[in-house]
file final_34.cif (mmCIF, C-alpha atoms)
data_data
loop_
_atom_site.label_atom_id
_atom_site.label_comp_id
_atom_site.auth_asym_id
_atom_site.auth_seq_id
_atom_site.Cartn_x
_atom_site.Cartn_y
_atom_site.Cartn_z
CA MET A 1 100.74 91.93 96.82
CA LYS A 2 103.97 92.54 98.72
CA LYS A 3 106.88 94.75 97.77
CA VAL A 4 110.52 94.11 98.66
CA LEU A 5 111.26 97.77 99.33
CA THR A 6 110.61 97.81 103.06
CA LEU A 7 110.58 95.53 106.06
CA ILE A 8 107.57 96.30 108.23
CA VAL A 9 107.73 95.63 111.96
CA TYR A 10 104.28 95.76 113.59
CA LEU A 11 104.01 96.07 117.35
CA PHE A 12 100.65 94.51 118.18
CA GLY A 13 98.77 91.24 118.56
CA LEU A 14 95.41 90.24 117.09
CA SER A 15 94.39 93.80 116.29
CA PRO A 16 95.00 96.01 113.25
CA PHE A 17 94.74 99.30 115.14
CA SER A 18 97.97 99.68 117.17
CA SER A 19 101.17 101.54 116.36
CA HIS A 20 103.82 100.24 113.99
CA THR A 21 107.27 101.08 112.70
CA ALA A 22 108.51 100.71 109.12
CA ILE A 23 112.20 100.24 108.43
CA LYS A 24 113.55 100.55 104.90
CA ILE A 25 116.04 97.76 104.20
CA THR A 26 116.80 98.04 100.47
CA LYS A 27 115.64 99.29 97.09
CA LEU A 28 115.02 96.96 94.17
CA GLN A 29 117.67 97.33 91.50
CA THR A 30 115.63 95.91 88.61
CA ASN A 31 112.71 96.66 86.31
CA THR A 32 112.02 92.94 85.85
CA LEU A 33 109.77 92.89 88.89
CA ASP A 34 107.01 95.30 87.93
CA GLU A 35 104.48 93.79 90.35
CA ASN A 36 106.14 91.33 92.67
CA SER A 37 103.79 89.29 94.82
CA GLY A 38 105.09 86.82 97.40
CA LEU A 39 108.28 86.95 99.41
CA LEU A 40 110.55 84.29 100.92
CA PHE A 41 113.82 84.39 102.87
CA TYR A 42 116.06 81.46 101.90
CA ASN A 43 119.84 80.95 101.99
CA ASN A 44 120.27 84.53 103.26
CA ASN A 45 118.59 85.96 100.17
CA LEU A 46 115.06 87.04 99.27
CA ILE A 47 113.02 85.11 96.70
CA THR A 48 110.05 86.67 94.94
CA HIS A 49 107.99 86.39 91.74
CA ASN A 50 105.77 88.51 89.55
CA ASP A 51 102.00 88.58 89.83
CA SER A 52 99.53 87.45 87.17
CA GLY A 53 100.74 87.00 83.62
CA GLY A 54 104.43 87.20 84.47
CA LYS A 55 107.03 84.65 83.52
CA ALA A 56 107.12 81.40 85.49
CA ASN A 57 110.32 82.49 87.22
CA LEU A 58 111.59 82.91 90.75
CA TYR A 59 113.92 85.86 91.31
CA GLU A 60 116.60 85.73 93.98
CA ILE A 61 117.49 89.11 95.44
CA ASN A 62 120.43 90.23 97.55
CA ALA A 63 118.79 91.50 100.73
CA THR A 64 121.43 94.20 101.17
CA THR A 65 121.84 95.62 97.67
CA GLY A 66 118.39 94.86 96.24
CA ALA A 67 119.98 93.39 93.08
CA VAL A 68 118.54 90.32 91.34
CA ILE A 69 121.41 87.84 91.57
CA ARG A 70 119.69 84.79 90.10
CA THR A 71 116.62 83.83 88.05
CA VAL A 72 115.23 80.30 88.22
CA GLU A 73 112.76 79.14 85.57
CA ILE A 74 110.00 76.76 86.72
CA LYS A 75 109.94 74.72 83.55
CA ASN A 76 106.50 73.08 83.71
CA ALA A 77 104.62 76.00 85.30
CA THR A 78 102.44 78.84 84.04
CA ASN A 79 101.96 82.09 85.91
CA ILE A 80 98.21 82.59 85.68
CA ASP A 81 97.91 84.48 88.97
CA TRP A 82 100.81 83.74 91.32
CA GLU A 83 100.03 85.35 94.68
CA ASP A 84 102.24 83.90 97.42
CA ILE A 85 105.21 81.67 98.17
CA THR A 86 106.14 79.59 101.20
CA GLN A 87 108.57 76.86 102.22
CA ASP A 88 109.30 73.96 104.53
CA ALA A 89 112.57 72.14 105.18
CA SER A 90 112.67 70.44 101.77
CA TYR A 91 110.38 72.32 99.37
CA ILE A 92 109.34 75.71 98.05
CA TYR A 93 105.63 76.18 97.25
CA ILE A 94 104.24 78.77 94.81
CA GLY A 95 100.54 79.55 95.07
CA ASP A 96 98.78 80.08 91.73
CA ILE A 97 95.73 80.92 93.82
CA GLY A 98 94.58 84.35 92.63
CA ASN A 99 90.94 84.22 91.62
CA ASN A 100 89.60 87.78 91.37
CA ALA A 101 86.51 86.73 89.40
CA GLY A 102 85.81 83.61 91.47
CA ASN A 103 85.47 81.41 88.38
CA ARG A 104 88.80 79.57 88.17
CA THR A 105 88.75 75.78 87.94
CA ASP A 106 92.53 75.44 87.55
CA LEU A 107 93.80 76.59 90.95
CA LYS A 108 97.12 75.00 91.84
CA ILE A 109 100.28 75.14 93.91
CA TYR A 110 103.68 74.36 92.45
CA LYS A 111 105.97 72.30 94.70
CA ILE A 112 109.71 72.61 93.97
CA SER A 113 112.36 70.62 95.79
CA LYS A 114 115.09 72.81 97.23
CA SER A 115 117.77 70.50 95.84
CA ASP A 116 116.37 71.11 92.33
CA TYR A 117 116.09 74.84 92.98
CA ASN A 118 119.71 74.95 94.16
CA ASP A 119 121.08 73.33 90.96
CA SER A 120 123.37 75.57 88.96
CA ASP A 121 121.34 75.16 85.71
CA ASN A 122 118.76 77.68 87.06
CA ILE A 123 115.88 75.47 85.91
CA ALA A 124 113.52 73.59 88.20
CA THR A 125 110.63 71.20 87.57
CA ALA A 126 107.66 71.33 89.91
CA GLU A 127 105.22 68.81 91.26
CA VAL A 128 101.67 70.10 90.81
CA ILE A 129 99.11 70.25 93.60
CA SER A 130 95.71 71.02 92.05
CA TYR A 131 92.74 71.88 94.22
CA SER A 132 89.21 73.24 94.39
CA TYR A 133 87.27 74.57 97.37
CA ILE A 134 85.04 71.81 98.70
CA ASN A 135 82.16 74.22 99.40
CA GLN A 136 82.30 76.24 96.15
CA LEU A 137 79.31 75.37 93.99
CA GLU A 138 79.04 78.49 91.81
CA PHE A 139 81.68 79.48 89.23
CA THR A 140 80.07 82.44 87.50
CA SER A 141 82.55 85.24 86.83
CA ASN A 142 82.02 88.11 89.27
CA PRO A 143 85.18 90.28 89.34
CA ASN A 144 86.13 91.71 92.73
CA ASN A 145 82.82 90.47 94.15
CA THR A 146 83.62 86.96 95.33
CA ASN A 147 84.77 85.09 98.42
CA TRP A 148 86.85 82.62 96.38
CA ASP A 149 89.88 84.81 95.75
CA ALA A 150 93.07 84.10 97.75
CA GLU A 151 96.47 85.72 98.21
CA GLY A 152 97.91 84.06 101.34
CA LEU A 153 99.71 80.71 101.61
CA ILE A 154 101.73 79.08 104.40
CA SER A 155 103.24 75.68 105.14
CA TYR A 156 101.70 74.27 108.33
CA GLY A 157 102.82 70.81 109.40
CA ASN A 158 101.87 68.28 106.73
CA ASN A 159 99.46 70.68 105.04
CA LEU A 160 99.31 73.94 103.16
CA LEU A 161 96.94 76.62 104.43
CA ILE A 162 95.28 79.02 101.98
CA PHE A 163 93.92 82.35 103.25
CA THR A 164 91.11 83.81 101.19
CA LYS A 165 90.60 87.43 100.17
CA ASN A 166 86.87 87.82 100.69
CA TRP A 167 85.70 90.75 98.60
CA ILE A 168 82.06 90.32 99.69
CA ASP A 169 82.06 89.88 103.47
CA LYS A 170 85.60 91.19 104.27
CA LYS A 171 86.40 88.04 106.26
CA VAL A 172 89.19 85.53 105.78
CA ASN A 173 88.56 81.81 105.39
CA VAL A 174 91.36 79.32 105.96
CA TYR A 175 91.44 76.19 103.80
CA SER A 176 93.73 73.20 104.19
CA ILE A 177 95.12 70.86 101.53
CA PRO A 178 97.80 68.15 101.72
CA LYS A 179 101.30 68.82 100.41
CA THR A 180 101.15 65.82 98.08
CA SER A 181 100.88 66.18 94.31
CA GLY A 182 97.55 65.36 92.71
CA THR A 183 94.04 66.82 92.90
CA HIS A 184 92.54 67.73 96.27
CA SER A 185 89.50 69.33 97.85
CA ALA A 186 90.44 72.30 100.03
CA ILE A 187 88.77 71.90 103.44
CA LEU A 188 87.52 74.93 105.39
CA ILE A 189 89.16 74.82 108.84
CA SER A 190 88.85 78.34 110.26
CA SER A 191 87.38 81.80 109.65
CA HIS A 192 87.67 85.28 111.13
CA ASN A 193 86.14 88.70 110.54
CA THR A 194 89.22 90.77 109.67
CA LYS A 195 87.05 93.64 108.38
CA GLY A 196 89.31 93.91 105.35
CA LEU A 197 91.02 92.06 102.52
CA ILE A 198 93.88 89.67 103.35
CA THR A 199 96.71 89.96 100.80
CA GLY A 200 99.51 87.89 102.31
CA ALA A 201 100.40 85.31 104.96
CA ASP A 202 103.53 84.01 106.63
CA ILE A 203 104.53 81.91 109.62
CA SER A 204 107.43 82.27 112.05
CA PHE A 205 110.37 79.87 111.81
CA ASN A 206 109.27 78.04 114.98
CA GLY A 207 105.66 77.87 113.79
CA ASN A 208 104.31 79.71 116.84
CA ILE A 209 103.03 82.87 115.12
CA ILE A 210 101.10 83.39 111.90
CA TYR A 211 101.20 86.83 110.25
CA LEU A 212 98.48 88.17 107.94
CA THR A 213 98.73 91.40 105.96
CA GLY A 214 95.90 93.21 104.27
CA TYR A 215 94.01 96.46 103.84
CA SER A 216 90.71 97.85 105.07
CA THR A 217 87.78 99.17 103.05
CA SER A 218 89.47 102.59 103.19
CA GLU A 219 92.67 100.95 101.84
CA ALA A 220 94.54 101.42 105.13
CA PRO A 221 97.14 98.62 105.51
CA PHE A 222 97.06 96.37 108.56
CA MET A 223 98.65 93.24 110.00
CA TYR A 224 97.22 90.55 112.24
CA THR A 225 99.51 88.32 114.32
CA ILE A 226 97.99 85.05 115.51
CA HIS A 227 99.46 83.61 118.72
CA GLY A 228 98.63 80.54 120.80
CA ILE A 229 97.83 78.40 117.76
CA PRO A 230 96.01 75.27 119.01
CA VAL A 231 97.91 72.00 118.84
CA ILE A 232 94.97 69.61 119.00
CA ASN A 233 92.99 71.09 116.11
CA SER A 234 93.58 73.18 113.00
CA ASP A 235 91.15 76.01 113.81
CA ILE A 236 93.90 78.61 114.00
CA PHE A 237 91.52 81.42 115.01
CA SER A 238 90.03 79.51 117.95
#
call {"tool": "encode", "arguments": {"input": "final_34.cif", "output": "structure tokens"}}
result
Amino acid sequence: MKKVLTLIVYLFGLSPFSSHTAIKITKLQTNTLDENSGLLFYNNNLITHNDSGGKANLYEINATTGAVIRTVEIKNATNIDWEDITQDASYIYIGDIGNNAGNRTDLKIYKISKSDYNDSDNIATAEVISYSYINQLEFTSNPNNTNWDAEGLISYGNNLLIFTKNWIDKKVNVYSIPKTSGTHSAILISSHNTKGLITGADISFNGNIIYLTGYSTSEAPFMYTIHGIPVINSDIFS
């Protein structure tokens, strides 16, 4: 879960143990966002959404004043457990990927065209990308004791990458699915021992750096930055 209250600048590479500086940029001027989760910078504003059980809305925030200046309803969506948001040149993607108990069979990503989002009626209709993890065979509910939870999502070329929040082994697994609507199997492409729980992901505008945020077993926050991403394969941690 990510808050819009501060912009964090971390000064290290693939290590969670170096110094960092936090710079406060604004304060939220609304009670509508009681647990915002996911953050996007688009058209010089911030876009965020509520976590599980909230309305199926995107909230546009003035990055200077912290005021909600626009609310866009995603008409055909349900917020079961929205965890992250990402974008490419033409679309915004909302990850309904939270799975704390590891038993969900309705994981999905909502794909909204930016032209539809930009319409003045403040209503958008999403394409639906449904998926399941290709190597998940067990769906027994096991709250906060599963490796099938996820809170990180980025756009990466022609695919979407999902970063898991592994409660059991404290690693992160990276799964890939196509950006096309329909039902897909999420393919495991990379893994790394982060020694903590990954709660968010983002990628730089030029696609050269991937950022992961999370917290350790002692609840200390950390960030990983991934550089030198391979071009010839999708194993981002290689």
call {"tool": "atom_distance", "arguments": {"input": "final_34.cif", "atom1": "atom CA of Ile236 of chain A", "atom2": "atom CA of Leu161 of chain A"}}
result
10.2 Å
call {"tool": "closest_residue", "arguments": {"input": "final_34.cif", "among": "A:Asp119, A:Asp149, A:Asp96, A:Glu83", "to": "Ile168 of chain A", "atoms": "only C-alpha atoms"}}
result
A:Asp149
call {"tool": "resolve_selection", "arguments": {"input": "final_34.cif", "expression": "the PyMOL selection byres ((chain A and resi 181-196) around 6)", "output": "list in words"}}
result
Glu127, Val128, Ile129, Ser130, Tyr131, Ser132, Tyr133, Ile134, Lys170, Lys171, Val172, Asn173, Val174, Tyr175, Ser176, Ile177, Thr180, Leu197, Tyr215, Ser216, Thr217 and Asp235 of chain A
call {"tool": "write_last_selection", "arguments": {"input": "final_34.cif", "atoms": "C-alpha atoms", "output": "mmCIF file, in the coordinates of the input"}}
result
data_model
loop_
_atom_site.group_PDB
_atom_site.id
_atom_site.type_symbol
_atom_site.label_atom_id
_atom_site.label_comp_id
_atom_site.auth_asym_id
_atom_site.auth_seq_id
_atom_site.Cartn_x
_atom_site.Cartn_y
_atom_site.Cartn_z
ATOM 1 C CA GLU A 127 105.220 68.810 91.260
ATOM 2 C CA VAL A 128 101.670 70.100 90.810
ATOM 3 C CA ILE A 129 99.110 70.250 93.600
ATOM 4 C CA SER A 130 95.710 71.020 92.050
ATOM 5 C CA TYR A 131 92.740 71.880 94.220
ATOM 6 C CA SER A 132 89.210 73.240 94.390
ATOM 7 C CA TYR A 133 87.270 74.570 97.370
ATOM 8 C CA ILE A 134 85.040 71.810 98.700
ATOM 9 C CA LYS A 170 85.600 91.190 104.270
ATOM 10 C CA LYS A 171 86.400 88.040 106.260
ATOM 11 C CA VAL A 172 89.190 85.530 105.780
ATOM 12 C CA ASN A 173 88.560 81.810 105.390
ATOM 13 C CA VAL A 174 91.360 79.320 105.960
ATOM 14 C CA TYR A 175 91.440 76.190 103.800
ATOM 15 C CA SER A 176 93.730 73.200 104.190
ATOM 16 C CA ILE A 177 95.120 70.860 101.530
ATOM 17 C CA THR A 180 101.150 65.820 98.080
ATOM 18 C CA LEU A 197 91.020 92.060 102.520
ATOM 19 C CA TYR A 215 94.010 96.460 103.840
ATOM 20 C CA SER A 216 90.710 97.850 105.070
ATOM 21 C CA THR A 217 87.780 99.170 103.050
ATOM 22 C CA ASP A 235 91.150 76.010 113.810
#
call {"tool": "residues_around", "arguments": {"input": "final_34.cif", "residues": "Gln87 of chain A", "least_positions_apart": "3", "cutoff": "8 Å", "atoms": "only C-alpha atoms", "output": "MDAnalysis selection string"}}
result
chainID A and resid 40 90:93 154:155
call {"tool": "closest_residue", "arguments": {"input": "final_34.cif", "among": "A:Ala89, A:Ile198, A:Ile23, A:Ile109", "to": "Leu160 of chain A", "atoms": "all atoms listed in the file"}}
result
A:Ile109
call {"tool": "resolve_selection", "arguments": {"input": "final_34.cif", "expression": "the PyMOL selection byres ((chain A and resi 225) around 7)", "output": "list in words"}}
result
Gly13, Leu14, Ile209, Ile210, Tyr211, Leu212, Met223, Tyr224, Ile226 and His227 of chain A
call {"tool": "resolve_selection", "arguments": {"input": "final_34.cif", "expression": "the PyMOL selection byres ((chain A and resi 123) around 7)", "output": "NGL selection string"}}
result
:A and (72-75 or 121-122 or 124-125)
call {"tool": "atom_distance", "arguments": {"input": "final_34.cif", "atom1": "atom CA of Ser37 of chain A", "atom2": "atom CA of His49 of chain A"}}
result
6.0 Å
call {"tool": "axis_aligned_box", "arguments": {"input": "final_34.cif", "around": "segment 107-124 of chain A", "padding_each_side": "8 Å", "output": "JSON"}}
result
{"center_x": 108.6, "center_y": 74.1, "center_z": 91.5, "size_x": 45.6, "size_y": 23.2, "size_z": 27.5}
call {"tool": "closest_residue", "arguments": {"input": "final_34.cif", "among": "A:Leu137, A:Leu107, A:Ile232, A:Ala67", "to": "Thr30 of chain A", "atoms": "all atoms listed in the file"}}
result
A:Ala67
call {"tool": "closest_residue", "arguments": {"input": "final_34.cif", "among": "A:Gly200, A:Gly207, A:Gly53, A:Gly98", "to": "Gly152 of chain A", "atoms": "only C-alpha atoms"}}
result
A:Gly200
call {"tool": "atom_distance", "arguments": {"input": "final_34.cif", "atom1": "atom CA of Asp106 of chain A", "atom2": "atom CA of Thr140 of chain A"}}
result
14.3 Å
call {"tool": "residues_around", "arguments": {"input": "final_34.cif", "residues": "Asn100 of chain A", "least_positions_apart": "6", "cutoff": "9 Å", "atoms": "only C-alpha atoms", "output": "PDB file with C-alpha atoms, in the coordinates of the input"}}
result
ATOM      1  CA  SER A 141      82.550  85.240  86.830  1.00  0.00           C
ATOM      2  CA  ASN A 142      82.020  88.110  89.270  1.00  0.00           C
ATOM      3  CA  PRO A 143      85.180  90.280  89.340  1.00  0.00           C
ATOM      4  CA  ASN A 144      86.130  91.710  92.730  1.00  0.00           C
ATOM      5  CA  ASN A 145      82.820  90.470  94.150  1.00  0.00           C
ATOM      6  CA  THR A 146      83.620  86.960  95.330  1.00  0.00           C
ATOM      7  CA  ASN A 147      84.770  85.090  98.420  1.00  0.00           C
ATOM      8  CA  TRP A 148      86.850  82.620  96.380  1.00  0.00           C
ATOM      9  CA  ASP A 149      89.880  84.810  95.750  1.00  0.00           C
ATOM     10  CA  ALA A 150      93.070  84.100  97.750  1.00  0.00           C
ATOM     11  CA  LYS A 165      90.600  87.430 100.170  1.00  0.00           C
ATOM     12  CA  TRP A 167      85.700  90.750  98.600  1.00  0.00           C
TER      13      TRP A 167
END
call {"tool": "closest_residue", "arguments": {"input": "final_34.cif", "among": "A:Phe222, A:Phe139, A:Phe163, A:Tyr59", "to": "Leu33 of chain A", "atoms": "all atoms listed in the file"}}
result
A:Tyr59
call {"tool": "closest_residue", "arguments": {"input": "final_34.cif", "among": "A:Ser238, A:Asp84, A:Tyr117, A:Lys111", "to": "Thr213 of chain A", "atoms": "only C-alpha atoms"}}
result
A:Asp84
call {"tool": "decode", "arguments": {"input": "final_34.cif", "residues": "segment 160-187 of chain A", "atoms": "N, CA and C atoms", "output": "PDB file, in the first residue's frame"}}
result
ATOM      1  N   LEU A 160       2.353  -7.403 -19.053  1.00  0.00           N
ATOM      2  CA  LEU A 160       2.241  -6.869 -17.703  1.00  0.00           C
ATOM      3  C   LEU A 160       3.001  -7.806 -16.781  1.00  0.00           C
ATOM      4  N   LEU A 161       3.775  -7.238 -15.864  1.00  0.00           N
ATOM      5  CA  LEU A 161       4.509  -8.036 -14.896  1.00  0.00           C
ATOM      6  C   LEU A 161       3.883  -7.874 -13.521  1.00  0.00           C
ATOM      7  N   ILE A 162       3.622  -8.979 -12.855  1.00  0.00           N
ATOM      8  CA  ILE A 162       3.018  -9.018 -11.524  1.00  0.00           C
ATOM      9  C   ILE A 162       4.083  -9.473 -10.531  1.00  0.00           C
ATOM     10  N   PHE A 163       4.246  -8.711  -9.443  1.00  0.00           N
ATOM     11  CA  PHE A 163       5.246  -9.011  -8.426  1.00  0.00           C
ATOM     12  C   PHE A 163       4.541  -9.510  -7.175  1.00  0.00           C
ATOM     13  N   THR A 164       4.850 -10.734  -6.773  1.00  0.00           N
ATOM     14  CA  THR A 164       4.124 -11.342  -5.664  1.00  0.00           C
ATOM     15  C   THR A 164       4.639 -10.854  -4.309  1.00  0.00           C
ATOM     16  N   LYS A 165       3.773 -10.994  -3.327  1.00  0.00           N
ATOM     17  CA  LYS A 165       4.071 -10.677  -1.934  1.00  0.00           C
ATOM     18  C   LYS A 165       4.079 -12.001  -1.179  1.00  0.00           C
ATOM     19  N   ASN A 166       5.247 -12.625  -1.123  1.00  0.00           N
ATOM     20  CA  ASN A 166       5.349 -13.976  -0.580  1.00  0.00           C
ATOM     21  C   ASN A 166       5.421 -13.974   0.945  1.00  0.00           C
ATOM     22  N   TRP A 167       4.298 -14.260   1.566  1.00  0.00           N
ATOM     23  CA  TRP A 167       4.235 -14.281   3.025  1.00  0.00           C
ATOM     24  C   TRP A 167       5.069 -15.426   3.611  1.00  0.00           C
ATOM     25  N   ILE A 168       5.203 -16.529   2.885  1.00  0.00           N
ATOM     26  CA  ILE A 168       5.860 -17.713   3.440  1.00  0.00           C
ATOM     27  C   ILE A 168       7.378 -17.609   3.362  1.00  0.00           C
ATOM     28  N   ASP A 169       7.917 -17.420   2.153  1.00  0.00           N
ATOM     29  CA  ASP A 169       9.377 -17.482   2.002  1.00  0.00           C
ATOM     30  C   ASP A 169      10.045 -16.119   1.882  1.00  0.00           C
ATOM     31  N   LYS A 170       9.244 -15.018   1.927  1.00  0.00           N
ATOM     32  CA  LYS A 170       9.779 -13.647   1.895  1.00  0.00           C
ATOM     33  C   LYS A 170      10.571 -13.356   0.618  1.00  0.00           C
ATOM     34  N   LYS A 171      10.238 -14.059  -0.462  1.00  0.00           N
ATOM     35  CA  LYS A 171      10.816 -13.782  -1.772  1.00  0.00           C
ATOM     36  C   LYS A 171       9.797 -13.028  -2.610  1.00  0.00           C
ATOM     37  N   VAL A 172      10.203 -12.636  -3.818  1.00  0.00           N
ATOM     38  CA  VAL A 172       9.268 -12.090  -4.782  1.00  0.00           C
ATOM     39  C   VAL A 172       9.374 -12.921  -6.049  1.00  0.00           C
ATOM     40  N   ASN A 173       8.243 -13.331  -6.571  1.00  0.00           N
ATOM     41  CA  ASN A 173       8.167 -13.990  -7.869  1.00  0.00           C
ATOM     42  C   ASN A 173       7.579 -13.024  -8.878  1.00  0.00           C
ATOM     43  N   VAL A 174       8.081 -13.066 -10.090  1.00  0.00           N
ATOM     44  CA  VAL A 174       7.618 -12.176 -11.151  1.00  0.00           C
ATOM     45  C   VAL A 174       6.901 -13.017 -12.201  1.00  0.00           C
ATOM     46  N   TYR A 175       5.636 -12.679 -12.442  1.00  0.00           N
ATOM     47  CA  TYR A 175       4.827 -13.389 -13.432  1.00  0.00           C
ATOM     48  C   TYR A 175       4.477 -12.451 -14.579  1.00  0.00           C
ATOM     49  N   SER A 176       4.384 -13.008 -15.767  1.00  0.00           N
ATOM     50  CA  SER A 176       4.096 -12.234 -16.967  1.00  0.00           C
ATOM     51  C   SER A 176       2.793 -12.683 -17.598  1.00  0.00           C
ATOM     52  N   ILE A 177       1.973 -11.710 -18.007  1.00  0.00           N
ATOM     53  CA  ILE A 177       0.767 -12.005 -18.783  1.00  0.00           C
ATOM     54  C   ILE A 177       0.667 -10.996 -19.929  1.00  0.00           C
ATOM     55  N   PRO A 178       0.010 -11.359 -21.028  1.00  0.00           N
ATOM     56  CA  PRO A 178      -0.167 -10.410 -22.130  1.00  0.00           C
ATOM     57  C   PRO A 178      -1.125  -9.286 -21.739  1.00  0.00           C
ATOM     58  N   LYS A 179      -1.053  -8.198 -22.486  1.00  0.00           N
ATOM     59  CA  LYS A 179      -1.919  -7.047 -22.222  1.00  0.00           C
ATOM     60  C   LYS A 179      -3.294  -7.178 -22.881  1.00  0.00           C
ATOM     61  N   THR A 180      -3.545  -8.275 -23.538  1.00  0.00           N
ATOM     62  CA  THR A 180      -4.801  -8.448 -24.267  1.00  0.00           C
ATOM     63  C   THR A 180      -5.905  -8.941 -23.350  1.00  0.00           C
ATOM     64  N   SER A 181      -7.132  -8.511 -23.607  1.00  0.00           N
ATOM     65  CA  SER A 181      -8.275  -8.959 -22.811  1.00  0.00           C
ATOM     66  C   SER A 181      -8.503 -10.450 -23.033  1.00  0.00           C
ATOM     67  N   GLY A 182      -9.134 -11.077 -22.055  1.00  0.00           N
ATOM     68  CA  GLY A 182      -9.363 -12.513 -22.106  1.00  0.00           C
ATOM     69  C   GLY A 182      -8.838 -13.170 -20.851  1.00  0.00           C
ATOM     70  N   THR A 183      -8.668 -14.492 -20.898  1.00  0.00           N
ATOM     71  CA  THR A 183      -8.196 -15.270 -19.756  1.00  0.00           C
ATOM     72  C   THR A 183      -6.822 -15.840 -20.067  1.00  0.00           C
ATOM     73  N   HIS A 184      -5.882 -15.634 -19.154  1.00  0.00           N
ATOM     74  CA  HIS A 184      -4.496 -16.015 -19.402  1.00  0.00           C
ATOM     75  C   HIS A 184      -3.922 -16.780 -18.216  1.00  0.00           C
ATOM     76  N   SER A 185      -2.873 -17.538 -18.487  1.00  0.00           N
ATOM     77  CA  SER A 185      -2.052 -18.148 -17.451  1.00  0.00           C
ATOM     78  C   SER A 185      -0.843 -17.260 -17.226  1.00  0.00           C
ATOM     79  N   ALA A 186      -0.617 -16.864 -15.977  1.00  0.00           N
ATOM     80  CA  ALA A 186       0.532 -16.031 -15.635  1.00  0.00           C
ATOM     81  C   ALA A 186       1.762 -16.926 -15.541  1.00  0.00           C
ATOM     82  N   ILE A 187       2.807 -16.578 -16.318  1.00  0.00           N
ATOM     83  CA  ILE A 187       4.009 -17.392 -16.430  1.00  0.00           C
ATOM     84  C   ILE A 187       5.091 -16.851 -15.506  1.00  0.00           C
TER      85      ILE A 187
END
